[in-house]
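Colleague: Got a structure for you, structure_2.cif, holding mmCIF, C-alpha atoms.
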data_run
loop_
_atom_site.label_atom_id
_atom_site.label_comp_id
_atom_site.auth_asym_id
_atom_site.auth_seq_id
_atom_site.Cartn_x
_atom_site.Cartn_y
_atom_site.Cartn_z
CA MET A 1 1.26 8.82 29.35
CA GLN A 2 -1.06 11.21 31.16
CA PRO A 3 -0.60 14.94 30.36
CA ARG A 4 0.54 15.85 33.87
CA THR A 5 3.04 13.03 33.91
CA ARG A 6 4.55 13.97 30.57
CA PHE A 7 4.69 17.70 31.39
CA ASP A 8 6.42 16.90 34.67
CA ALA A 9 8.85 14.57 32.89
CA ALA A 10 9.66 17.06 30.12
CA THR A 11 10.37 19.88 32.57
CA LYS A 12 11.93 17.98 35.47
CA GLY A 13 15.07 20.13 35.31
CA LEU A 14 13.22 23.44 35.54
CA GLU A 15 12.31 25.41 38.64
CA PRO A 16 8.73 26.74 38.69
CA PRO A 17 7.11 29.14 38.10
CA PHE A 18 7.54 28.70 34.34
CA ALA A 19 5.34 28.39 31.26
CA VAL A 20 5.22 25.76 28.54
CA VAL A 21 3.63 25.34 25.14
CA ASP A 22 2.53 21.86 24.13
CA LEU A 23 3.61 21.82 20.47
CA ASP A 24 1.40 18.87 19.58
CA ALA A 25 -1.68 20.67 20.92
CA PHE A 26 -0.60 23.94 19.25
CA ASP A 27 -0.27 22.20 15.88
CA ARG A 28 -3.59 20.39 16.24
CA ASN A 29 -5.27 23.68 17.12
CA ALA A 30 -3.76 25.28 14.02
CA ALA A 31 -5.08 22.46 11.84
CA ALA A 32 -8.54 22.82 13.40
CA LEU A 33 -8.60 26.54 12.63
CA VAL A 34 -7.79 25.87 8.98
CA ARG A 35 -10.56 23.29 8.73
CA ARG A 36 -13.05 25.69 10.27
CA ALA A 37 -12.00 28.52 7.93
CA GLY A 38 -13.41 26.62 4.94
CA GLY A 39 -10.67 27.54 2.50
CA LYS A 40 -10.23 31.21 3.37
CA PRO A 41 -6.76 32.28 4.56
CA ILE A 42 -6.27 33.11 8.24
CA ARG A 43 -4.35 36.17 9.33
CA VAL A 44 -2.66 35.36 12.65
CA ALA A 45 -3.44 37.71 15.55
CA SER A 46 0.04 38.19 16.98
CA LYS A 47 -1.10 39.56 20.35
CA SER A 48 -2.58 36.13 21.12
CA VAL A 49 0.85 34.51 20.70
CA ARG A 50 3.63 37.09 21.41
CA VAL A 51 6.42 34.62 20.64
CA ARG A 52 8.31 35.03 17.37
CA ALA A 53 9.19 31.35 17.10
CA LEU A 54 5.54 30.32 17.40
CA LEU A 55 4.41 32.97 14.91
CA GLU A 56 6.97 31.62 12.44
CA ARG A 57 5.75 28.10 13.14
CA VAL A 58 2.12 28.82 12.35
CA LEU A 59 2.86 31.03 9.33
CA ALA A 60 4.79 28.13 7.80
CA ARG A 61 1.59 26.07 7.72
CA PRO A 62 -0.77 26.09 4.72
CA GLY A 63 -3.90 28.12 5.39
CA PHE A 64 -2.23 30.97 7.28
CA ARG A 65 -1.15 34.24 5.66
CA GLY A 66 -0.08 37.51 7.21
CA LEU A 67 -0.13 38.93 10.71
CA MET A 68 -2.61 41.10 12.58
CA CYS A 69 -0.44 43.20 14.88
CA TYR A 70 -1.22 44.94 18.13
CA SER A 71 0.72 48.15 17.51
CA LEU A 72 2.84 49.90 14.92
CA PRO A 73 6.10 49.44 16.88
CA GLU A 74 5.37 45.70 16.96
CA ALA A 75 4.72 45.63 13.20
CA LEU A 76 7.95 47.51 12.50
CA TRP A 77 9.88 45.08 14.70
CA LEU A 78 8.35 42.02 13.05
CA SER A 79 8.99 43.51 9.60
CA GLY A 80 12.61 44.04 10.55
CA HIS A 81 12.85 40.34 11.40
CA ASP A 82 11.20 39.42 8.06
CA LEU A 83 8.48 37.49 9.83
CA SER A 84 5.92 38.48 7.21
CA ASP A 85 5.53 40.86 4.29
CA ASP A 86 1.85 41.45 5.17
CA LEU A 87 1.30 43.13 8.53
CA LEU A 88 -1.99 44.75 9.48
CA VAL A 89 -1.91 47.02 12.53
CA ALA A 90 -5.41 46.35 13.79
CA TYR A 91 -5.66 49.26 16.24
CA PRO A 92 -5.20 52.92 15.27
CA THR A 93 -1.82 54.41 16.15
CA VAL A 94 -1.07 57.83 17.58
CA ASP A 95 2.65 57.06 17.99
CA HIS A 96 4.51 59.87 16.18
CA THR A 97 7.92 58.24 16.65
CA ALA A 98 6.75 54.96 15.10
CA LEU A 99 5.07 56.82 12.24
CA ARG A 100 8.32 58.60 11.43
CA LEU A 101 10.18 55.27 11.45
CA LEU A 102 7.56 53.85 9.08
CA ALA A 103 7.88 56.82 6.72
CA ARG A 104 11.66 56.37 6.53
CA ASP A 105 11.52 52.62 5.86
CA GLU A 106 10.45 51.93 2.28
CA ARG A 107 10.30 48.17 2.75
CA ALA A 108 8.15 48.48 5.89
CA ARG A 109 5.81 50.90 4.12
CA GLY A 110 5.14 48.23 1.50
CA ARG A 111 4.38 45.63 4.17
CA ILE A 112 2.47 47.48 6.89
CA THR A 113 -1.15 48.64 6.74
CA LEU A 114 -2.60 50.97 9.38
CA VAL A 115 -6.21 50.91 10.53
CA VAL A 116 -8.13 54.20 10.42
CA ASP A 117 -11.74 55.02 11.18
CA SER A 118 -11.90 58.81 10.93
CA PRO A 119 -10.35 61.79 9.13
CA GLU A 120 -8.66 62.66 12.43
CA HIS A 121 -6.45 59.59 12.06
CA LEU A 122 -5.26 60.93 8.71
CA ASP A 123 -4.70 64.36 10.25
CA LEU A 124 -2.57 62.83 12.98
CA VAL A 125 -0.35 61.07 10.43
CA ASP A 126 0.07 64.33 8.54
CA ALA A 127 0.96 66.13 11.76
CA ALA A 128 3.60 63.52 12.58
CA LEU A 129 5.13 63.32 9.10
CA GLY A 130 4.43 66.63 7.43
CA PRO A 131 2.27 67.26 4.36
CA ALA A 132 4.60 65.67 1.78
CA HIS A 133 5.03 62.24 3.37
CA PRO A 134 5.22 59.08 1.25
CA ASP A 135 2.14 56.93 0.74
CA ILE A 136 0.92 55.13 3.86
CA ARG A 137 -1.21 52.02 3.37
CA VAL A 138 -4.45 52.22 5.33
CA CYS A 139 -7.36 49.93 6.17
CA LEU A 140 -10.81 51.28 6.94
CA GLU A 141 -12.37 49.69 10.03
CA LEU A 142 -16.11 49.11 9.89
CA ASP A 143 -18.04 48.92 13.15
CA VAL A 144 -19.97 45.65 13.08
CA SER A 145 -21.58 45.81 16.50
CA TRP A 146 -25.29 44.99 16.63
CA ARG A 147 -27.69 47.85 17.35
CA PRO A 148 -31.16 46.30 17.49
CA LEU A 149 -32.72 49.33 19.22
CA PRO A 150 -31.80 52.99 19.50
CA GLY A 151 -29.20 53.36 22.22
CA LEU A 152 -28.57 49.61 22.51
CA HIS A 153 -25.02 48.62 21.50
CA VAL A 154 -23.99 44.94 21.46
CA GLY A 155 -20.33 44.34 20.68
CA PRO A 156 -16.95 46.06 21.08
CA ARG A 157 -16.85 49.84 20.91
CA ARG A 158 -14.41 50.33 18.08
CA SER A 159 -15.07 52.32 14.91
CA PRO A 160 -17.64 55.10 14.40
CA VAL A 161 -18.08 53.87 10.79
CA HIS A 162 -21.29 51.85 11.04
CA THR A 163 -23.21 52.09 7.75
CA ALA A 164 -22.38 51.63 4.09
CA ARG A 165 -22.84 55.38 3.68
CA ASP A 166 -20.35 56.05 6.50
CA ALA A 167 -17.87 53.67 4.88
CA ARG A 168 -18.12 55.19 1.43
CA SER A 169 -17.80 58.71 2.80
CA LEU A 170 -14.61 57.91 4.69
CA ALA A 171 -13.22 55.88 1.79
CA ALA A 172 -13.72 58.87 -0.52
CA LEU A 173 -11.91 61.14 1.93
CA VAL A 174 -8.96 58.73 2.13
CA ALA A 175 -8.81 58.37 -1.64
CA ALA A 176 -8.71 62.14 -2.03
CA ARG A 177 -5.93 62.67 0.53
CA ARG A 178 -2.37 62.88 -0.66
CA GLY A 179 -0.03 60.46 1.09
CA PHE A 180 -2.55 57.69 1.78
CA ARG A 181 -3.61 54.58 -0.10
CA LEU A 182 -6.75 52.72 0.95
CA VAL A 183 -6.10 49.00 0.44
CA ALA A 184 -8.38 47.11 2.85
CA VAL A 185 -11.43 46.93 5.09
CA MET A 186 -11.56 45.27 8.51
CA ALA A 187 -14.77 44.27 10.29
CA TYR A 188 -14.38 42.37 13.58
CA GLU A 189 -17.58 41.03 15.10
CA GLY A 190 -16.42 40.66 18.69
CA GLN A 191 -19.93 39.94 19.97
CA ILE A 192 -19.78 36.66 17.99
CA ALA A 193 -16.07 35.86 17.72
CA GLY A 194 -15.14 36.66 21.30
CA LEU A 195 -18.10 35.52 23.40
CA GLY A 196 -18.62 31.81 24.03
CA ASP A 197 -22.16 30.69 23.24
CA ALA A 198 -22.18 28.00 25.95
CA PRO A 199 -20.72 29.54 29.13
CA PRO A 200 -20.14 26.75 31.68
CA GLY A 201 -22.85 26.56 34.33
CA ARG A 202 -24.92 29.39 32.79
CA PRO A 203 -27.42 27.80 30.40
CA LEU A 204 -29.80 30.78 30.35
CA ARG A 205 -27.00 33.18 29.48
CA GLY A 206 -25.91 30.77 26.74
CA ALA A 207 -29.39 30.68 25.23
CA VAL A 208 -29.61 34.47 25.21
CA LEU A 209 -26.15 34.76 23.65
CA ARG A 210 -26.98 32.28 20.89
CA TRP A 211 -30.18 34.16 20.07
CA ALA A 212 -28.36 37.50 19.96
CA GLN A 213 -25.48 36.10 17.91
CA ARG A 214 -27.84 34.64 15.30
CA ARG A 215 -29.64 37.96 14.96
CA SER A 216 -26.38 39.89 14.85
CA ALA A 217 -24.86 37.60 12.20
CA ALA A 218 -27.92 37.92 9.98
CA GLU A 219 -27.93 41.72 10.21
CA LEU A 220 -24.18 41.90 9.70
CA ALA A 221 -24.10 39.75 6.56
CA GLU A 222 -26.20 42.31 4.73
CA ARG A 223 -24.61 45.45 6.17
CA ARG A 224 -21.00 44.35 5.75
CA ALA A 225 -21.59 43.32 2.14
CA ALA A 226 -23.16 46.72 1.40
CA ALA A 227 -20.32 48.58 3.10
CA VAL A 228 -17.61 46.65 1.27
CA ALA A 229 -19.38 47.22 -2.05
CA ALA A 230 -19.59 50.93 -1.28
CA VAL A 231 -15.87 51.16 -0.49
CA ARG A 232 -14.98 49.25 -3.65
CA GLU A 233 -16.70 52.01 -5.64
CA VAL A 234 -13.87 54.37 -4.71
CA ALA A 235 -10.88 52.10 -3.94
CA GLU A 236 -9.37 48.86 -5.18
CA LEU A 237 -9.16 46.61 -2.12
CA GLU A 238 -6.49 44.00 -1.56
CA PHE A 239 -8.34 42.27 1.27
CA VAL A 240 -11.40 42.39 3.50
CA ASN A 241 -10.68 40.99 6.96
CA GLY A 242 -13.27 39.69 9.39
CA GLY A 243 -13.99 37.37 12.24
CA GLY A 244 -11.97 35.73 14.94
CA THR A 245 -11.45 32.34 16.57
CA GLY A 246 -15.07 32.12 17.66
CA SER A 247 -16.69 33.00 14.32
CA LEU A 248 -14.59 31.37 11.61
CA GLU A 249 -17.50 29.41 10.14
CA SER A 250 -20.03 32.25 10.00
CA THR A 251 -17.56 34.90 8.88
CA GLY A 252 -16.01 32.57 6.33
CA ALA A 253 -19.43 32.05 4.78
CA ASP A 254 -19.71 35.79 4.06
CA PRO A 255 -18.68 36.29 0.40
CA SER A 256 -17.70 39.90 1.06
CA VAL A 257 -14.88 38.72 3.38
CA THR A 258 -11.65 37.58 1.69
CA GLU A 259 -9.69 36.55 4.79
CA LEU A 260 -10.24 35.67 8.44
CA ALA A 261 -8.35 36.39 11.63
CA ALA A 262 -7.56 34.11 14.55
CA GLY A 263 -5.01 33.73 17.29
CA SER A 264 -6.51 32.62 20.59
CA GLY A 265 -7.57 29.31 19.06
CA LEU A 266 -3.92 28.36 18.68
CA VAL A 267 -3.34 28.52 22.43
CA GLY A 268 -6.68 27.51 23.92
CA PRO A 269 -7.17 29.83 26.92
CA THR A 270 -10.02 29.27 29.34
CA LEU A 271 -12.21 32.03 27.88
CA PHE A 272 -12.56 29.85 24.79
CA ASP A 273 -13.89 26.84 26.69
CA GLY A 274 -17.45 28.13 26.36
CA TYR A 275 -18.26 27.41 22.71
CA ARG A 276 -20.54 24.64 21.50
CA GLY A 277 -19.08 24.25 18.03
CA PHE A 278 -15.39 23.88 18.84
CA ARG A 279 -12.99 23.49 21.76
CA PRO A 280 -9.30 24.40 21.36
CA GLU A 281 -6.89 22.16 23.23
CA PRO A 282 -5.02 23.80 26.13
CA ALA A 283 -1.62 24.43 24.50
CA ALA A 284 -0.13 27.03 26.88
CA LEU A 285 0.17 26.19 30.57
CA PHE A 286 2.14 27.46 33.53
CA ALA A 287 3.47 25.52 36.49
CA LEU A 288 3.43 26.70 40.10
CA PRO A 289 5.08 24.84 43.00
CA VAL A 290 3.29 23.70 46.14
CA VAL A 291 4.79 25.59 49.09
CA ARG A 292 2.25 24.91 51.88
CA ARG A 293 -0.28 22.28 52.94
CA PRO A 294 -2.37 24.37 55.35
CA ALA A 295 -5.31 21.99 55.66
CA ARG A 296 -6.88 18.81 54.37
CA ARG A 297 -7.78 19.10 50.67
CA VAL A 298 -5.95 22.43 50.38
CA ALA A 299 -2.55 23.16 48.89
CA THR A 300 -0.97 26.59 48.59
CA LEU A 301 1.03 27.46 45.50
CA PHE A 302 3.72 30.09 45.11
CA ALA A 303 2.71 33.25 43.16
CA GLY A 304 0.12 32.86 40.39
CA GLY A 305 -1.84 36.12 40.32
CA TYR A 306 -1.87 36.28 36.54
CA VAL A 307 -5.29 37.84 36.07
CA ALA A 308 -6.48 38.66 32.54
CA SER A 309 -7.59 42.06 31.32
CA GLY A 310 -11.22 42.94 30.70
CA THR A 311 -14.15 42.73 33.07
CA ALA A 312 -13.20 42.26 36.73
CA THR A 313 -14.99 38.93 36.98
CA ALA A 314 -14.06 35.43 38.09
CA ASP A 315 -13.62 34.18 34.52
CA ARG A 316 -10.52 36.40 34.17
CA GLN A 317 -8.61 34.46 36.80
CA PRO A 318 -6.30 31.58 35.92
CA SER A 319 -7.70 28.08 36.34
CA PRO A 320 -6.06 25.01 37.90
CA HIS A 321 -5.80 22.38 35.16
CA LEU A 322 -3.64 19.48 36.39
CA PRO A 323 -4.10 17.50 38.52
CA ARG A 324 -7.81 17.44 37.80
CA GLY A 325 -10.34 18.47 40.40
CA LEU A 326 -8.67 21.53 41.91
CA LYS A 327 -10.24 24.98 42.10
CA LEU A 328 -9.38 28.43 43.42
CA LEU A 329 -10.81 29.62 46.72
CA ALA A 330 -13.49 32.25 46.27
CA LEU A 331 -12.17 34.45 49.10
CA GLU A 332 -8.54 34.44 47.92
CA GLY A 333 -8.38 33.69 44.21
CA ALA A 334 -5.00 33.84 42.50
CA GLY A 335 -2.57 35.97 44.50
CA GLU A 336 0.65 37.87 43.98
CA VAL A 337 2.63 35.69 46.38
CA GLN A 338 0.39 32.69 46.95
CA THR A 339 -2.54 30.89 45.35
CA PRO A 340 -4.43 28.33 47.44
CA VAL A 341 -6.20 25.55 45.55
CA ALA A 342 -8.74 23.15 46.99
CA GLY A 343 -10.11 19.77 46.09
CA ARG A 344 -9.64 16.08 46.73
CA ALA A 345 -6.56 16.03 44.48
CA ALA A 346 -4.79 18.41 46.87
CA ASP A 347 -4.34 15.58 49.37
CA GLU A 348 -1.98 13.86 46.92
CA LEU A 349 0.27 16.91 46.57
CA ARG A 350 3.52 17.32 48.48
CA LEU A 351 5.78 20.32 48.94
CA GLY A 352 7.60 21.01 45.68
CA ASP A 353 5.04 19.26 43.47
CA ARG A 354 3.71 21.21 40.51
CA VAL A 355 0.22 22.31 39.75
CA TRP A 356 -0.41 23.22 36.11
CA LEU A 357 -2.71 26.15 35.42
CA ARG A 358 -4.21 27.87 32.37
CA HIS A 359 -4.54 31.58 31.74
CA ALA A 360 -7.89 33.12 30.81
CA LYS A 361 -6.49 34.89 27.72
CA ALA A 362 -4.15 33.64 25.06
CA GLY A 363 -1.38 36.20 24.77
CA GLU A 364 -1.24 37.79 28.19
CA LEU A 365 0.57 34.84 29.75
CA ALA A 366 3.59 35.84 27.63
CA GLU A 367 3.73 39.12 29.55
CA ARG A 368 4.44 37.14 32.72
CA PHE A 369 7.34 35.02 31.49
CA ASP A 370 10.55 35.70 29.58
CA HIS A 371 10.44 32.32 27.86
CA TYR A 372 8.09 29.55 26.86
CA HIS A 373 9.49 26.04 27.17
CA LEU A 374 8.42 24.00 24.14
CA VAL A 375 7.25 20.49 24.98
CA ARG A 376 6.50 17.63 22.61
CA GLY A 377 5.27 14.45 24.24
CA ASP A 378 7.40 13.96 27.36
CA LEU A 379 10.42 15.78 25.92
CA LEU A 380 11.59 19.36 26.19
CA GLU A 381 12.19 20.31 22.57
CA GLY A 382 13.47 23.83 23.13
CA THR A 383 12.91 27.23 24.67
CA ALA A 384 11.68 30.35 22.89
CA PRO A 385 11.73 33.93 24.19
CA THR A 386 8.46 35.78 24.49
CA TYR A 387 8.25 39.42 23.46
CA ARG A 388 9.04 40.23 27.08
CA GLY A 389 12.07 37.96 26.95
CA GLU A 390 13.32 39.85 23.90
CA GLY A 391 12.96 43.10 25.79
CA ARG A 392 9.98 44.26 23.76
CA ASN A 393 7.00 46.04 25.29
CA PHE A 394 4.35 46.98 22.76
CA GLY A 395 1.63 47.83 25.25
#
Could you show the structure in this file as structure tokens?

Modeller:
Amino acid sequence: MQPRTRFDAATKGLEPPFAVVDLDAFDRNAAALVRRAGGKPIRVASKSVRVRALLERVLARPGFRGLMCYSLPEALWLSGHDLSDDLLVAYPTVDHTALRLLARDERARGRITLVVDSPEHLDLVDAALGPAHPDIRVCLELDVSWRPLPGLHVGPRRSPVHTARDARSLAALVAARRGFRLVAVMAYEGQIAGLGDAPPGRPLRGAVLRWAQRRSAAELAERRAAAVAAVREVAELEFVNGGGTGSLESTGADPSVTELAAGSGLVGPTLFDGYRGFRPEPAALFALPVVRRPARRVATLFAGGYVASGTATADRQPSPHLPRGLKLLALEGAGEVQTPVAGRAADELRLGDRVWLRHAKAGELAERFDHYHLVRGDLLEGTAPTYRGEGRNFG
């Protein structure tokens, strides 16, 4: 049975717009991530999923261990639901209320690790909790952007800790501070893990990206190993986290890294279509109904303006997926109340038919819907609330 046919059959009793997760594709994507990790455990990036039931599903599989959370309130909530006893908050927190909740919860303090990259982060915790607070587990974040020339920065702008000397200096400060325990290092190479090396229709850009990623990976292997070794001189580390969906092979080959991170590869958003070495299956889709047929080879869908965060470019828009051969109109794109799509397949669509689309990013679709409908084959296996559906907003 063709994918569109089975999705339509499984959801025939539902009124669009709605979102589904293809459990077979989700499970195959999870298995592919484990194969690519080469034996190193994968910490699941929760922001790429944002559905407790799906996080539980993937954590139950061999090869996955722990969660990489978006915020401290999210980590506290997931700890309260016993989703995992190993939760890394991968972005620094300045939330005084959440810090006070963490300090009062002994079990959560043993499970949750906070990322820091400066003494000011330690000062902020002290200001929120007072000077005699219990030990807070912290992870030092190393900046692993590539800086081939003075003033040239390639990669996410995250931590100011760039060199082994920087890392050791901060590690020594943490080790000397009462109320903190340094247990980990994180080093996310977004310029490799988050940028597809074969962007569709842009071969020159792809060639430049591959060249830059090779150079960056070679420089990083040496610098990250030196930084981790320097930190280990002053602290006993439980884990060193690195990588993402797009760099599992190269990061996994780094002996200084003890675990990997991934999340988007479970869902298969369109931004991950542009890699040569792997291609996640589209596991999360949303359905919009046809509400107009304004012209030949054009159908207009209801709603659909689910644009992804990041650069304000065309690749952040959702993409028509089924039926094949449809595309957005350049002058309208995906709109708040209507989304026209064009192509030969539009002539086969009638009012009320569904068009299935994909989001550009993995987790942000969950901010548009209260539930994901879980499909296996041509059957609706269940429905799971998203974070939004559970009334949680961790943004």

Colleague: Convert the output of the PyMOL selection byres ((chain A and resi 237) around 12) on the shown file into explicit residues, formatted as a PDB file with C-alpha atoms, keeping the file's coordinate frame.

Modeller:
ATOM      1  CA  ARG A 137      -1.210  52.020   3.370  1.00  0.00           C
ATOM      2  CA  VAL A 138      -4.450  52.220   5.330  1.00  0.00           C
ATOM      3  CA  CYS A 139      -7.360  49.930   6.170  1.00  0.00           C
ATOM      4  CA  LEU A 140     -10.810  51.280   6.940  1.00  0.00           C
ATOM      5  CA  ALA A 171     -13.220  55.880   1.790  1.00  0.00           C
ATOM      6  CA  ALA A 175      -8.810  58.370  -1.640  1.00  0.00           C
ATOM      7  CA  ARG A 181      -3.610  54.580  -0.100  1.00  0.00           C
ATOM      8  CA  LEU A 182      -6.750  52.720   0.950  1.00  0.00           C
ATOM      9  CA  VAL A 183      -6.100  49.000   0.440  1.00  0.00           C
ATOM     10  CA  ALA A 184      -8.380  47.110   2.850  1.00  0.00           C
ATOM     11  CA  VAL A 185     -11.430  46.930   5.090  1.00  0.00           C
ATOM     12  CA  MET A 186     -11.560  45.270   8.510  1.00  0.00           C
ATOM     13  CA  VAL A 228     -17.610  46.650   1.270  1.00  0.00           C
ATOM     14  CA  ALA A 229     -19.380  47.220  -2.050  1.00  0.00           C
ATOM     15  CA  ALA A 230     -19.590  50.930  -1.280  1.00  0.00           C
ATOM     16  CA  VAL A 231     -15.870  51.160  -0.490  1.00  0.00           C
ATOM     17  CA  ARG A 232     -14.980  49.250  -3.650  1.00  0.00           C
ATOM     18  CA  GLU A 233     -16.700  52.010  -5.640  1.00  0.00           C
ATOM     19  CA  VAL A 234     -13.870  54.370  -4.710  1.00  0.00           C
ATOM     20  CA  ALA A 235     -10.880  52.100  -3.940  1.00  0.00           C
ATOM     21  CA  GLU A 236      -9.370  48.860  -5.180  1.00  0.00           C
ATOM     22  CA  GLU A 238      -6.490  44.000  -1.560  1.00  0.00           C
ATOM     23  CA  PHE A 239      -8.340  42.270   1.270  1.00  0.00           C
ATOM     24  CA  VAL A 240     -11.400  42.390   3.500  1.00  0.00           C
ATOM     25  CA  ASN A 241     -10.680  40.990   6.960  1.00  0.00           C
ATOM     26  CA  SER A 256     -17.700  39.900   1.060  1.00  0.00           C
ATOM     27  CA  VAL A 257     -14.880  38.720   3.380  1.00  0.00           C
ATOM     28  CA  THR A 258     -11.650  37.580   1.690  1.00  0.00           C
TER      29      THR A 258
END

Colleague: Quick one: contact table of segment 50-112 of chain A to segment 364-379 of chain A, 12 Å max, nearest atom pair and distance in Å to one decimal per residue, counting only C-alpha atoms, chain and number order, as a tab-separated table?

Modeller:
residue	atom	partner	partner_atom	distance
A:Arg50	CA	A:Ala366	CA	6.3
A:Val51	CA	A:Ala366	CA	7.6
A:Arg52	CA	A:Tyr372	CA	11.0
A:Ala53	CA	A:Tyr372	CA	10.0
A:Leu54	CA	A:Leu374	CA	9.7

Colleague: Pick the closest to Val34 of chain A from A:Ala128, A:Val94, A:Leu59, A:Ala221: which is it, counting only C-alpha atoms?

Modeller: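 Selected residue with least distance to Val34 of chain A: A:Leu59.
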
Colleague: Select, from A:Tyr387, A:Phe18, A:Tyr70, A:Trp356, the residue with the minimum atom-to-atom distance to Leu326 of chain A, counting only C-alpha atoms.

Modeller: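 Ranking A:Tyr387, A:Phe18, A:Tyr70, A:Trp356 by distance to Leu326 of chain A, first place goes to A:Trp356.
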
Colleague: Rounded to one decimal in Å, what is the spacing between atom CA of Tyr188 of chain A and atom CA of Asp254 of chain A?

Modeller: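 About the pair atom CA of Tyr188 of chain A and atom CA of Asp254 of chain A: they are 12.7 Å apart.
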
Colleague: Considering all atoms listed in the file, can you say which of A:Ala299, A:Leu88, A:Ala314, A:Leu380 comes closest to Leu14 of chain A?

Modeller: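 The shortest atom-to-atom distance to Leu14 of chain A comes from A:Leu380.
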
Colleague: If we count only C-alpha atoms and set the cut-off at 7 Å, which residues sit around segment 117-120 of chain A, ignoring sequence neighbours fewer than 6 positions away in its own chain? Please answer as JSON, numbers by chain.

Modeller: {"A": [140, 141, 159, 160, 161, 170]}

Colleague: Can you tell me, as a list in words, what residues are no more than 7 Å from Ala90 of chain A when counting all atoms listed in the file, ignoring any on the same chain fewer than 3 positions away?

Modeller: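 Near Ala90 of chain A, the qualifying residues are Met68, Cys69, Tyr70, Leu114 and Val115 of chain A.
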
Colleague: With distances taken over all atoms listed in the file, which residue among A:Arg158, A:Arg4, A:Arg215, A:His81 lies nearest Leu285 of chain A?

Modeller: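 Checking each candidate against Leu285 of chain A, we get A:Arg4 as the closest.
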
Colleague: Run the PyMOL selection byres ((chain A and resi 87) around 12) against the file shown and list the residues it catches, as a ChimeraX atom specification.

Modeller: /A:43-46,65-80,82-86,88-90,107-115,137-139,184

Colleague: Which residues come within 6 Å of Ser48 of chain A, counting all atoms listed in the file, excluding same-chain residues fewer than 5 positions away, as a CSV table (one decimal) with C-alpha atoms, in the coordinates of the input?

Modeller:
chain,number,residue,atom,x,y,z
A,263,GLY,CA,-5.0,33.7,17.3
A,264,SER,CA,-6.5,32.6,20.6
A,362,ALA,CA,-4.2,33.6,25.1
A,363,GLY,CA,-1.4,36.2,24.8

Colleague: For the structure shown, which residues end up in the PyMOL selection byres ((chain A and resi 124) around 12)? Put them as a compact mmCIF listing (two decimals) with C-alpha atoms, keeping the file's coordinate frame, please?

Modeller:
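The result, written out as expr_0.txt:
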# COMPACT_ATOMS: atom_id res chain seq x y z
CA PRO A 92 -5.20 52.92 15.27
CA THR A 93 -1.82 54.41 16.15
CA VAL A 94 -1.07 57.83 17.58
CA ASP A 95 2.65 57.06 17.99
CA HIS A 96 4.51 59.87 16.18
CA LEU A 99 5.07 56.82 12.24
CA ARG A 100 8.32 58.60 11.43
CA VAL A 116 -8.13 54.20 10.42
CA SER A 118 -11.90 58.81 10.93
CA PRO A 119 -10.35 61.79 9.13
CA GLU A 120 -8.66 62.66 12.43
CA HIS A 121 -6.45 59.59 12.06
CA LEU A 122 -5.26 60.93 8.71
CA ASP A 123 -4.70 64.36 10.25
CA VAL A 125 -0.35 61.07 10.43
CA ASP A 126 0.07 64.33 8.54
CA ALA A 127 0.96 66.13 11.76
CA ALA A 128 3.60 63.52 12.58
CA LEU A 129 5.13 63.32 9.10
CA GLY A 130 4.43 66.63 7.43
CA PRO A 131 2.27 67.26 4.36

Colleague: One number please: atom CA of Ala345 of chain A to atom CA of Leu357 of chain A, in Å, one decimal.

Modeller: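 So the answer is 14.1 Å.
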
Colleague: In terms of the shortest atom-to-atom distance over all atoms listed in the file, which of A:Leu55, A:Leu248, A:Ala308, A:Ala295 is closest to Gly277 of chain A?

Modeller: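 Selected residue with least distance to Gly277 of chain A: A:Leu248.
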
Colleague: Nearest residue to Leu271 of chain A out of A:His153, A:Arg388, A:Arg61, A:Arg316, using all atoms listed in the file?

Modeller: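 The answer is A:Arg316, which sits nearest to Leu271 of chain A.
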
Colleague: Tell me, in Å to one decimal, how far atom CA of Arg177 of chain A is from atom CA of Val144 of chain A.

Modeller: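 Going from atom CA of Arg177 of chain A over to atom CA of Val144 of chain A covers 25.4 Å.
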
Colleague: Quick one: residues within 9 Å of Ala37 of chain A, all atoms listed in the file, excluding same-chain residues fewer than 2 positions away - as a list in words?

Modeller: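 After dropping sequence-adjacent residues, the list is Ala32, Leu33, Val34, Arg35, Gly39, Lys40, Pro41, Ile42, Gly63, Leu248, Glu249, Thr251, Gly252, Ala253, Glu259 and Leu260 of chain A.
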
Colleague: Counting only C-alpha atoms, what is within 7 Å of Pro282 of chain A, bar same-chain residues fewer than 5 positions away, as a VMD selection string?

Modeller: chain A and resid 25 267 to 269
